[in-house]
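Peer 1: Sharing my_file-v9.pdb below, PDB, C-alpha atoms:
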```pdb
ATOM      1  CA  MET A 621      -3.109  12.678 -28.700
ATOM      2  CA  ALA A 622      -0.209  12.510 -31.112
ATOM      3  CA  ASP A 623      -0.796  11.452 -34.725
ATOM      4  CA  ALA A 624       1.195   8.297 -34.032
ATOM      5  CA  THR A 625      -0.883   5.537 -32.467
ATOM      6  CA  GLU A 626       1.574   2.662 -32.180
ATOM      7  CA  VAL A 627       2.092   1.209 -28.699
ATOM      8  CA  TRP A 628       4.855  -1.177 -27.681
ATOM      9  CA  LEU A 629       3.600  -3.358 -24.828
ATOM     10  CA  SER A 630       5.776  -5.583 -22.658
ATOM     11  CA  LEU A 631       2.570  -7.289 -21.519
ATOM     12  CA  PRO A 632       0.598  -9.467 -23.963
ATOM     13  CA  PRO A 633      -2.086  -7.136 -25.380
ATOM     14  CA  GLU A 634      -4.786  -9.771 -24.882
ATOM     15  CA  SER A 635      -4.016  -9.776 -21.140
ATOM     16  CA  VAL A 636      -4.875  -6.077 -20.698
ATOM     17  CA  GLU A 637      -8.580  -5.335 -20.484
ATOM     18  CA  GLY A 638     -10.111  -2.265 -22.067
ATOM     19  CA  LEU A 639      -7.368  -1.356 -24.521
ATOM     20  CA  PRO A 640      -8.589   1.386 -26.893
ATOM     21  CA  ASP A 641      -9.336   0.099 -30.403
ATOM     22  CA  SER A 642      -7.923   3.310 -31.878
ATOM     23  CA  LEU A 643      -4.343   2.258 -31.064
ATOM     24  CA  THR A 644      -2.044  -0.299 -32.701
ATOM     25  CA  TYR A 645      -0.293  -2.683 -30.332
ATOM     26  CA  ARG A 646       3.098  -4.396 -30.705
ATOM     27  CA  TYR A 647       4.250  -6.911 -28.111
ATOM     28  CA  TRP A 648       7.926  -6.586 -27.199
ATOM     29  CA  ASN A 649       9.449  -7.917 -24.007
ATOM     30  CA  GLY A 650      13.159  -7.589 -24.664
ATOM     31  CA  GLU A 651      13.536  -9.986 -27.595
ATOM     32  CA  GLU A 652      16.505  -9.473 -29.904
ATOM     33  CA  GLU A 653      14.276  -8.618 -32.861
ATOM     34  CA  TYR A 654      11.891  -5.698 -32.702
ATOM     35  CA  PRO A 655       8.232  -6.255 -33.638
ATOM     36  CA  ALA A 656       8.201  -3.170 -35.875
ATOM     37  CA  ASP A 657      10.188  -0.040 -36.647
ATOM     38  CA  PRO A 658      10.928   1.670 -33.295
ATOM     39  CA  ALA A 659      10.561   5.046 -35.017
ATOM     40  CA  ASP A 660       6.814   4.418 -35.251
ATOM     41  CA  CYS A 661       6.390   3.800 -31.521
ATOM     42  CA  ALA A 662       4.614   6.608 -29.684
ATOM     43  CA  PHE A 663       3.908   4.880 -26.340
ATOM     44  CA  TYR A 664       6.519   2.510 -24.899
ATOM     45  CA  VAL A 665       5.807   0.222 -21.936
ATOM     46  CA  VAL A 666       9.251  -0.762 -20.675
ATOM     47  CA  PRO A 667       9.975  -4.490 -20.107
ATOM     48  CA  TYR A 668       9.944  -5.385 -16.443
ATOM     49  CA  TYR A 669      12.789  -6.979 -14.520
ATOM     50  CA  LEU A 670      15.063  -7.426 -17.558
ATOM     51  CA  GLY A 671      17.621  -4.768 -16.653
ATOM     52  CA  ALA A 672      18.605  -1.323 -17.858
ATOM     53  CA  GLU A 673      20.357  -2.505 -21.005
ATOM     54  CA  VAL A 674      17.176  -4.076 -22.356
ATOM     55  CA  ALA A 675      14.986  -1.203 -21.172
ATOM     56  CA  VAL A 676      16.899   1.503 -23.027
ATOM     57  CA  ARG A 677      17.943  -0.474 -26.111
ATOM     58  CA  PRO A 678      15.165   0.720 -28.472
ATOM     59  CA  LEU A 679      14.925   4.270 -27.099
ATOM     60  CA  ALA A 680      17.552   5.792 -29.385
ATOM     61  CA  ARG A 681      15.490   4.734 -32.413
ATOM     62  CA  MET A 682      12.109   5.792 -31.004
ATOM     63  CA  THR A 683      12.106   9.181 -32.696
ATOM     64  CA  GLY A 684       8.320   9.544 -32.555
ATOM     65  CA  LEU A 685       8.035   8.749 -28.860
ATOM     66  CA  LYS A 686       5.525  10.603 -26.686
ATOM     67  CA  VAL A 687       5.213   8.502 -23.517
ATOM     68  CA  VAL A 688       7.491   6.058 -21.681
ATOM     69  CA  GLN A 689       5.692   3.958 -19.076
ATOM     70  CA  THR A 690       7.829   1.959 -16.675
ATOM     71  CA  LEU A 691       6.490  -0.953 -14.666
ATOM     72  CA  THR A 692       8.697   0.008 -11.727
ATOM     73  CA  ALA A 693       8.284   2.680  -9.078
ATOM     74  CA  GLY A 694      11.823   3.923  -9.734
ATOM     75  CA  ILE A 695      13.036   5.131 -13.118
ATOM     76  CA  ASP A 696      16.779   5.038 -12.429
ATOM     77  CA  HIS A 697      17.260   2.227 -14.979
ATOM     78  CA  ILE A 698      16.168   4.537 -17.821
ATOM     79  CA  ALA A 699      17.141   7.898 -16.333
ATOM     80  CA  PRO A 700      20.421   8.235 -18.299
ATOM     81  CA  ALA A 701      18.469   7.987 -21.572
ATOM     82  CA  ILE A 702      15.864  10.639 -20.748
ATOM     83  CA  PRO A 703      17.892  13.660 -21.969
ATOM     84  CA  ARG A 704      18.151  12.026 -25.397
ATOM     85  CA  LEU A 705      14.433  11.324 -25.791
ATOM     86  CA  PRO A 706      12.333  13.457 -28.180
ATOM     87  CA  THR A 707      11.534  16.790 -26.571
ATOM     88  CA  GLY A 708       8.361  16.653 -24.544
ATOM     89  CA  THR A 709       8.348  12.876 -24.020
ATOM     90  CA  ARG A 710       6.631  12.113 -20.718
ATOM     91  CA  VAL A 711       8.136   9.460 -18.450
ATOM     92  CA  CYS A 712       5.640   7.780 -16.112
ATOM     93  CA  ASN A 713       6.349   5.396 -13.265
ATOM     94  CA  ALA A 714       4.301   2.535 -11.834
ATOM     95  CA  ARG A 715       3.114   4.239  -8.663
ATOM     96  CA  GLY A 716       0.652   1.932  -6.966
ATOM     97  CA  VAL A 717       1.748  -1.264  -8.680
ATOM     98  CA  HIS A 718       4.407  -2.382  -6.180
ATOM     99  CA  ASP A 719       3.179  -0.760  -2.974
ATOM    100  CA  ALA A 720       1.640  -3.900  -1.463
ATOM    101  CA  SER A 721       4.448  -6.301  -2.411
ATOM    102  CA  THR A 722       7.257  -3.994  -1.336
ATOM    103  CA  ALA A 723       5.543  -3.109   1.924
ATOM    104  CA  GLU A 724       4.980  -6.790   2.688
ATOM    105  CA  LEU A 725       8.654  -7.504   2.180
ATOM    106  CA  ALA A 726       9.743  -4.522   4.294
ATOM    107  CA  VAL A 727       7.727  -5.861   7.218
ATOM    108  CA  ALA A 728       8.874  -9.442   6.566
ATOM    109  CA  LEU A 729      12.536  -8.406   6.540
ATOM    110  CA  THR A 730      12.051  -6.396   9.727
ATOM    111  CA  LEU A 731      10.441  -9.284  11.573
ATOM    112  CA  ALA A 732      12.882 -11.870  10.218
ATOM    113  CA  SER A 733      15.865  -9.817  11.305
ATOM    114  CA  LEU A 734      14.533  -8.847  14.723
ATOM    115  CA  ARG A 735      13.550 -12.440  15.541
ATOM    116  CA  ASP A 736      16.694 -13.880  13.890
ATOM    117  CA  LEU A 737      14.815 -16.235  11.599
ATOM    118  CA  PRO A 738      17.987 -16.789   9.502
ATOM    119  CA  GLY A 739      19.669 -18.151  12.626
ATOM    120  CA  SER A 740      16.780 -20.541  13.194
ATOM    121  CA  VAL A 741      16.959 -21.737   9.592
ATOM    122  CA  ARG A 742      20.685 -22.424   9.928
ATOM    123  CA  ALA A 743      20.051 -24.271  13.186
ATOM    124  CA  GLN A 744      17.350 -26.329  11.495
ATOM    125  CA  ASP A 745      19.823 -27.275   8.748
ATOM    126  CA  ARG A 746      22.152 -28.537  11.501
ATOM    127  CA  GLY A 747      19.334 -30.271  13.380
ATOM    128  CA  GLU A 748      19.897 -28.065  16.430
ATOM    129  CA  TRP A 749      17.262 -26.673  18.810
ATOM    130  CA  CYS A 750      18.606 -23.152  19.479
ATOM    131  CA  THR A 751      16.262 -21.049  21.550
ATOM    132  CA  GLY A 752      16.915 -17.495  22.695
ATOM    133  CA  PHE A 753      15.566 -14.044  23.553
ATOM    134  CA  HIS A 754      15.003 -11.641  20.642
ATOM    135  CA  PRO A 755      13.577  -8.158  20.126
ATOM    136  CA  ALA A 756       9.941  -7.788  19.075
ATOM    137  CA  LEU A 757       8.531  -5.249  16.639
ATOM    138  CA  ALA A 758       5.909  -4.272  19.224
ATOM    139  CA  ASP A 759       6.792  -1.116  21.158
ATOM    140  CA  ARG A 760       9.584  -0.202  18.722
ATOM    141  CA  THR A 761      10.005   3.160  17.024
ATOM    142  CA  VAL A 762      10.232   3.008  13.231
ATOM    143  CA  LEU A 763      11.488   5.710  10.872
ATOM    144  CA  ILE A 764      10.362   5.480   7.234
ATOM    145  CA  LEU A 765      12.744   7.342   4.934
ATOM    146  CA  GLY A 766      10.970   8.096   1.667
ATOM    147  CA  TYR A 767       7.319   8.516   2.545
ATOM    148  CA  GLY A 768       5.569   8.119  -0.783
ATOM    149  CA  ALA A 769       3.023   5.477  -1.764
ATOM    150  CA  VAL A 770       5.331   2.634  -0.720
ATOM    151  CA  GLY A 771       6.217   4.333   2.559
ATOM    152  CA  GLU A 772       2.554   4.817   3.400
ATOM    153  CA  ALA A 773       1.824   1.171   2.563
ATOM    154  CA  ILE A 774       4.646   0.107   4.880
ATOM    155  CA  GLU A 775       3.235   2.143   7.764
ATOM    156  CA  LYS A 776      -0.256   0.713   7.314
ATOM    157  CA  ARG A 777       1.199  -2.782   7.645
ATOM    158  CA  LEU A 778       3.333  -1.825  10.646
ATOM    159  CA  LEU A 779       0.540  -0.382  12.763
ATOM    160  CA  PRO A 780      -1.162  -3.712  13.609
ATOM    161  CA  PHE A 781       2.144  -4.834  15.138
ATOM    162  CA  GLU A 782       1.682  -2.214  17.870
ATOM    163  CA  VAL A 783       4.782  -0.188  17.111
ATOM    164  CA  ALA A 784       5.425   2.624  19.564
ATOM    165  CA  ALA A 785       5.753   5.353  16.931
ATOM    166  CA  VAL A 786       6.353   5.925  13.230
ATOM    167  CA  HIS A 787       8.399   8.878  12.029
ATOM    168  CA  ARG A 788       7.700   9.745   8.387
ATOM    169  CA  VAL A 789      10.434  11.493   6.398
ATOM    170  CA  ALA A 790      10.345  12.810   2.839
ATOM    171  CA  ARG A 791      12.105  15.495   0.840
ATOM    172  CA  SER A 792       9.520  18.124   1.843
ATOM    173  CA  PRO A 793       7.167  18.384   4.832
ATOM    174  CA  ARG A 794       3.446  17.758   4.435
ATOM    175  CA  THR A 795       0.482  16.232   6.209
ATOM    176  CA  ALA A 796      -0.352  12.684   5.126
ATOM    177  CA  GLU A 797      -3.371  10.505   5.915
ATOM    178  CA  LEU A 798      -1.652   8.924   8.926
ATOM    179  CA  GLY A 799       0.077  12.028  10.249
ATOM    180  CA  PRO A 800       2.765  14.648   9.613
ATOM    181  CA  VAL A 801       5.663  13.964   7.262
ATOM    182  CA  ARG A 802       8.921  15.524   8.403
ATOM    183  CA  PRO A 803      11.416  17.027   5.953
ATOM    184  CA  LEU A 804      14.714  15.344   5.179
ATOM    185  CA  SER A 805      16.462  18.310   6.780
ATOM    186  CA  GLU A 806      15.304  17.003  10.193
ATOM    187  CA  ILE A 807      16.686  13.485   9.746
ATOM    188  CA  ASP A 808      19.626  14.088  12.105
ATOM    189  CA  GLU A 809      17.364  14.602  15.110
ATOM    190  CA  LEU A 810      15.075  11.686  14.229
ATOM    191  CA  LEU A 811      17.660   8.956  13.601
ATOM    192  CA  PRO A 812      18.744   8.524  17.254
ATOM    193  CA  LEU A 813      15.091   7.854  18.184
ATOM    194  CA  ALA A 814      14.538   4.965  15.786
ATOM    195  CA  ASP A 815      14.935   1.266  16.519
ATOM    196  CA  VAL A 816      14.216   0.440  12.871
ATOM    197  CA  VAL A 817      14.962   2.629   9.848
ATOM    198  CA  VAL A 818      13.200   1.572   6.648
ATOM    199  CA  VAL A 819      14.577   3.074   3.425
ATOM    200  CA  ALA A 820      11.986   3.449   0.651
ATOM    201  CA  THR A 821      13.228   6.514  -1.205
ATOM    202  CA  PRO A 822      13.809   6.670  -4.978
ATOM    203  CA  LEU A 823      17.390   6.650  -6.229
ATOM    204  CA  THR A 824      18.359  10.086  -7.520
ATOM    205  CA  GLU A 825      21.570  12.055  -7.520
ATOM    206  CA  GLN A 826      20.340  13.608  -4.260
ATOM    207  CA  THR A 827      19.661  10.261  -2.561
ATOM    208  CA  ARG A 828      22.692   8.329  -3.826
ATOM    209  CA  HIS A 829      24.690   7.344  -0.709
ATOM    210  CA  LEU A 830      22.228   9.304   1.434
ATOM    211  CA  VAL A 831      22.729   6.565   4.014
ATOM    212  CA  ASP A 832      26.425   7.209   4.501
ATOM    213  CA  ALA A 833      28.846   6.918   7.406
ATOM    214  CA  GLY A 834      27.436  10.024   9.103
ATOM    215  CA  PHE A 835      23.852   8.811   8.718
ATOM    216  CA  LEU A 836      24.688   5.383  10.154
ATOM    217  CA  ALA A 837      26.678   6.891  13.022
ATOM    218  CA  ARG A 838      23.556   8.771  14.159
ATOM    219  CA  MET A 839      21.522   5.553  14.394
ATOM    220  CA  LYS A 840      21.257   4.138  17.909
ATOM    221  CA  ASP A 841      23.268   1.092  18.963
ATOM    222  CA  GLY A 842      21.499  -2.120  17.995
ATOM    223  CA  ALA A 843      19.216  -0.430  15.457
ATOM    224  CA  LEU A 844      18.125  -2.177  12.279
ATOM    225  CA  LEU A 845      18.440  -0.707   8.780
ATOM    226  CA  VAL A 846      15.965  -2.123   6.232
ATOM    227  CA  ASN A 847      16.506  -1.188   2.580
ATOM    228  CA  VAL A 848      13.719  -1.889   0.062
ATOM    229  CA  ALA A 849      14.604   1.095  -2.153
ATOM    230  CA  ARG A 850      17.748   0.890  -4.292
ATOM    231  CA  GLY A 851      21.129  -0.422  -3.272
ATOM    232  CA  ALA A 852      23.035   2.760  -4.070
ATOM    233  CA  VAL A 853      21.002   4.793  -1.572
ATOM    234  CA  VAL A 854      23.235   3.101   1.016
ATOM    235  CA  ASP A 855      27.027   3.410   1.061
ATOM    236  CA  THR A 856      28.010  -0.265   1.197
ATOM    237  CA  GLY A 857      31.449   0.399   2.638
ATOM    238  CA  ALA A 858      30.004   2.509   5.430
ATOM    239  CA  LEU A 859      27.406  -0.159   6.183
ATOM    240  CA  LEU A 860      30.057  -2.878   6.397
ATOM    241  CA  ALA A 861      31.988  -0.740   8.870
ATOM    242  CA  GLU A 862      28.935  -0.541  11.156
ATOM    243  CA  THR A 863      27.745  -4.153  10.892
ATOM    244  CA  GLY A 864      30.998  -5.672  12.112
ATOM    245  CA  THR A 865      33.737  -7.938  10.833
ATOM    246  CA  PRO A 866      32.515 -10.424   8.209
ATOM    247  CA  ALA A 867      33.209 -14.119   8.590
ATOM    248  CA  SER A 868      36.431 -15.068   6.801
ATOM    249  CA  ALA A 869      34.575 -17.373   4.428
ATOM    250  CA  PRO A 870      31.111 -18.854   3.929
ATOM    251  CA  GLY A 871      30.409 -21.272   6.764
ATOM    252  CA  ALA A 872      33.406 -20.059   8.761
ATOM    253  CA  GLY A 873      31.425 -18.703  11.702
ATOM    254  CA  ASP A 874      29.409 -15.569  12.288
ATOM    255  CA  GLY A 875      32.116 -12.922  12.284
ATOM    256  CA  VAL A 876      32.264 -10.175  14.897
ATOM    257  CA  PRO A 877      28.982  -8.221  15.280
ATOM    258  CA  GLY A 878      29.016  -4.451  14.969
ATOM    259  CA  ARG A 879      26.758  -1.697  16.266
ATOM    260  CA  LEU A 880      24.011  -2.104  13.675
ATOM    261  CA  ARG A 881      22.078  -4.786  11.839
ATOM    262  CA  ALA A 882      20.693  -4.644   8.331
ATOM    263  CA  ALA A 883      18.062  -6.359   6.191
ATOM    264  CA  LEU A 884      18.561  -5.642   2.510
ATOM    265  CA  ASP A 885      16.454  -6.461  -0.523
ATOM    266  CA  VAL A 886      18.777  -4.340  -2.662
ATOM    267  CA  THR A 887      22.557  -3.962  -2.654
ATOM    268  CA  ASP A 888      25.329  -1.979  -4.280
ATOM    269  CA  PRO A 889      26.687  -3.609  -6.367
ATOM    270  CA  GLU A 890      23.756  -5.639  -7.647
ATOM    271  CA  PRO A 891      23.697  -8.506  -8.160
ATOM    272  CA  LEU A 892      26.075  -8.975  -5.266
ATOM    273  CA  PRO A 893      29.219 -10.911  -6.300
ATOM    274  CA  LYS A 894      29.598 -14.302  -4.675
ATOM    275  CA  ASP A 895      32.763 -13.285  -2.810
ATOM    276  CA  HIS A 896      31.468  -9.924  -1.549
ATOM    277  CA  PRO A 897      31.941  -9.452   2.227
ATOM    278  CA  LEU A 898      28.359  -8.230   2.623
ATOM    279  CA  TRP A 899      27.193 -11.831   2.249
ATOM    280  CA  ARG A 900      29.183 -12.733   5.370
ATOM    281  CA  ALA A 901      28.569  -9.614   7.452
ATOM    282  CA  PRO A 902      27.180 -10.494  10.880
ATOM    283  CA  GLY A 903      23.581  -9.474  11.446
ATOM    284  CA  VAL A 904      22.942  -8.804   7.749
ATOM    285  CA  LEU A 905      20.000 -10.470   6.005
ATOM    286  CA  ILE A 906      19.931 -10.278   2.190
ATOM    287  CA  THR A 907      17.152 -11.074  -0.279
ATOM    288  CA  PRO A 908      17.816 -10.803  -4.054
ATOM    289  CA  HIS A 909      15.665  -7.778  -4.992
ATOM    290  CA  ILE A 910      12.330  -9.573  -4.681
ATOM    291  CA  GLY A 911      10.244  -6.658  -3.409
ATOM    292  CA  GLY A 912       8.290  -6.202  -6.629
ATOM    293  CA  PRO A 913       8.031  -9.487  -8.543
ATOM    294  CA  THR A 914       5.171 -11.273  -6.792
ATOM    295  CA  SER A 915       1.717 -12.550  -7.705
ATOM    296  CA  ALA A 916       0.405  -9.063  -6.903
ATOM    297  CA  PHE A 917       2.344  -7.528  -9.803
ATOM    298  CA  PRO A 918       0.594  -8.772 -12.990
ATOM    299  CA  PRO A 919      -2.985  -7.661 -12.221
ATOM    300  CA  ARG A 920      -1.860  -4.272 -10.932
ATOM    301  CA  ALA A 921       0.447  -3.733 -13.910
ATOM    302  CA  ARG A 922      -2.318  -4.610 -16.358
ATOM    303  CA  ARG A 923      -4.746  -2.218 -14.668
ATOM    304  CA  LEU A 924      -2.196   0.611 -14.743
ATOM    305  CA  VAL A 925      -1.269   0.127 -18.405
ATOM    306  CA  GLY A 926      -4.906  -0.105 -19.473
ATOM    307  CA  ALA A 927      -5.837   3.058 -17.589
ATOM    308  CA  GLN A 928      -2.843   4.974 -18.948
ATOM    309  CA  LEU A 929      -3.621   4.032 -22.554
ATOM    310  CA  ARG A 930      -7.290   4.945 -22.178
ATOM    311  CA  ARG A 931      -6.254   8.366 -20.888
ATOM    312  CA  TRP A 932      -3.796   8.859 -23.719
ATOM    313  CA  ALA A 933      -6.255   7.747 -26.415
ATOM    314  CA  ALA A 934      -8.776  10.217 -25.015
ATOM    315  CA  GLY A 935      -6.298  13.087 -25.341
ATOM    316  CA  GLU A 936      -5.640  13.307 -21.593
ATOM    317  CA  GLU A 937      -2.280  13.536 -19.881
ATOM    318  CA  PRO A 938      -1.108  10.189 -18.456
ATOM    319  CA  ALA A 939      -0.877   9.841 -14.673
ATOM    320  CA  ASN A 940       2.306   9.324 -12.683
ATOM    321  CA  THR A 941       4.483  11.603 -14.814
ATOM    322  CA  VAL A 942       7.823  11.914 -13.040
ATOM    323  CA  ALA A 943       9.991  13.429 -15.809
ATOM    324  CA  VAL A 944       9.622  15.238 -19.112
ATOM    325  CA  ALA A 945      12.370  15.165 -21.734
TER     326      ALA A 945
END
```
As a first step, turn the structure in this file into structure tokens.

Peer 2:
Amino acid sequence: MADATEVWLSLPPESVEGLPDSLTYRYWNGEEEYPADPADCAFYVVPYYLGAEVAVRPLARMTGLKVVQTLTAGIDHIAPAIPRLPTGTRVCNARGVHDASTAELAVALTLASLRDLPGSVRAQDRGEWCTGFHPALADRTVLILGYGAVGEAIEKRLLPFEVAAVHRVARSPRTAELGPVRPLSEIDELLPLADVVVVATPLTEQTRHLVDAGFLARMKDGALLVNVARGAVVDTGALLAETGTPASAPGAGDGVPGRLRAALDVTDPEPLPKDHPLWRAPGVLITPHIGGPTSAFPPRARRLVGAQLRRWAAGEEPANTVAVA
């Protein structure tokens, strides 16, 4: 372990069980004033859900930094700052912390969109009994794009719904617990087979606008795109072109449906401006990036941080390293 032993925690230290006594803990969760000199911080647990500006603010002054631990699965909010970190600084993500919550939401969005629950809610607001015939998740083929821990958790929650098949896609091929994972290079042949495409890939320069006009054009008519990854993985303009003509204004009707539907927990831009046409696009369901912040987050985050600090205090490499400065 490094000579420095100061840890900046965005969780109250008393809430994390088993913290090593050999380390000094400073609580900082984005407040204007720092709890100590950032130069003395060796292990930085990034504040959760407070945005990139807060996350990176102390990094330039953390000249003794050894480890950055995010509480998110993605690290795109701090990625621009990584090249300027002290050489050798390890950046670790929160693999395992958000799997359950994000997978739950992916399934919820899929079901809500297929069964048109938003339409039922609007009808309830009007006091109207609007019945109809809707697609089920049973017997549908699902493609999971980005088959990491979250992707696997999504599949495990899909299987009890009696889906016809699950196609797993990641950057490289491998064999996972539930079956083979196909490489991204084969996505063109898999997209026309899928009734539902769930996007769970990290945002990198390689995945930015991965779901573009060509990608969407290869999806079958009537298919559903579910995005629980990052908004910029999807080209918003291309998605609007495939989901139809938006209503002219809020409450002005449903617009003209397009070939595809979408259920989005993340958007580009984010937050989505009030006047953005995506709000009014027919067949588009939007939730405000709520995949991670649930009651499942705090206990899992505390367990991860405690385990990481015990490893580090023992002279071991932290888990979940995804980048090294």

Peer 1: What would the selection look like, as a PyMOL selection string, if the PyMOL selection byres ((chain A and resi 787) around 8) were run on the coordinates I just shared?

Peer 2: chain A and resi 761-764+785-786+788-789+801-802+810

Peer 1: Counting all atoms listed in the file, which of A:Val886, A:Leu629, A:Ala720, A:Leu725 gets nearest to Thr690 of chain A?

Peer 2: A:Leu629

Peer 1: Can you spell out as a PyMOL selection string the set of residues that the PyMOL selection byres ((chain A and resi 843) around 8) selects in the structure I just provided?

Peer 2: chain A and resi 814-817+839-842+844-845+879-881

Peer 1: Based on the selection just made, write C-alpha atoms of those residues as an mmCIF file, keeping the file's coordinate frame.

Peer 2:
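Output file selection-v1.cif follows:
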```cif
data_model
loop_
_atom_site.group_PDB
_atom_site.id
_atom_site.type_symbol
_atom_site.label_atom_id
_atom_site.label_comp_id
_atom_site.auth_asym_id
_atom_site.auth_seq_id
_atom_site.Cartn_x
_atom_site.Cartn_y
_atom_site.Cartn_z
ATOM 1 C CA ALA A 814 14.538 4.965 15.786
ATOM 2 C CA ASP A 815 14.935 1.266 16.519
ATOM 3 C CA VAL A 816 14.216 0.440 12.871
ATOM 4 C CA VAL A 817 14.962 2.629 9.848
ATOM 5 C CA MET A 839 21.522 5.553 14.394
ATOM 6 C CA LYS A 840 21.257 4.138 17.909
ATOM 7 C CA ASP A 841 23.268 1.092 18.963
ATOM 8 C CA GLY A 842 21.499 -2.120 17.995
ATOM 9 C CA LEU A 844 18.125 -2.177 12.279
ATOM 10 C CA LEU A 845 18.440 -0.707 8.780
ATOM 11 C CA ARG A 879 26.758 -1.697 16.266
ATOM 12 C CA LEU A 880 24.011 -2.104 13.675
ATOM 13 C CA ARG A 881 22.078 -4.786 11.839
#
```

Peer 1: For atom CA of Arg828 of chain A and atom CA of Pro908 of chain A, determine how far apart the two atoms are, in Å to one decimal place.

Peer 2: 19.7 Å

Peer 1: Let me know the residues the PyMOL selection byres ((chain A and resi 848-859) around 7) catches in the file above, as a tab-separated table (two decimals) with C-alpha atoms, in the frame of the given file.

Peer 2:
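What follows is the written file part08.tsv:
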```tsv
chain	number	residue	atom	x	y	z
A	722	THR	CA	7.26	-3.99	-1.34
A	726	ALA	CA	9.74	-4.52	4.29
A	819	VAL	CA	14.58	3.07	3.42
A	820	ALA	CA	11.99	3.45	0.65
A	821	THR	CA	13.23	6.51	-1.20
A	822	PRO	CA	13.81	6.67	-4.98
A	823	LEU	CA	17.39	6.65	-6.23
A	827	THR	CA	19.66	10.26	-2.56
A	828	ARG	CA	22.69	8.33	-3.83
A	829	HIS	CA	24.69	7.34	-0.71
A	830	LEU	CA	22.23	9.30	1.43
A	831	VAL	CA	22.73	6.56	4.01
A	832	ASP	CA	26.42	7.21	4.50
A	833	ALA	CA	28.85	6.92	7.41
A	846	VAL	CA	15.96	-2.12	6.23
A	847	ASN	CA	16.51	-1.19	2.58
A	860	LEU	CA	30.06	-2.88	6.40
A	861	ALA	CA	31.99	-0.74	8.87
A	862	GLU	CA	28.94	-0.54	11.16
A	863	THR	CA	27.74	-4.15	10.89
A	884	LEU	CA	18.56	-5.64	2.51
A	885	ASP	CA	16.45	-6.46	-0.52
A	886	VAL	CA	18.78	-4.34	-2.66
A	887	THR	CA	22.56	-3.96	-2.65
A	888	ASP	CA	25.33	-1.98	-4.28
A	911	GLY	CA	10.24	-6.66	-3.41
```

Peer 1: Write out as a ChimeraX atom specification which residues come within 10 Å of Ala769 of chain A when counting all atoms listed in the file, dropping same-chain ones fewer than 3 positions away.

Peer 2: /A:693,715-720,723,766,772-774,820

Peer 1: Hey, which of A:Ala933, A:Leu691, A:Val818, A:Cys712 ends up closest to Gly671 of chain A? Count all atoms listed in the file.

Peer 2: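 Smallest distance to Gly671 of chain A is found for A:Leu691.
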
Peer 1: Which is closest to Gly799 of chain A among A:Trp899, A:Phe753, A:Tyr767, A:Phe917, if we use all atoms listed in the file?

Peer 2: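 Closest residue, counting all atoms listed in the file: A:Tyr767.
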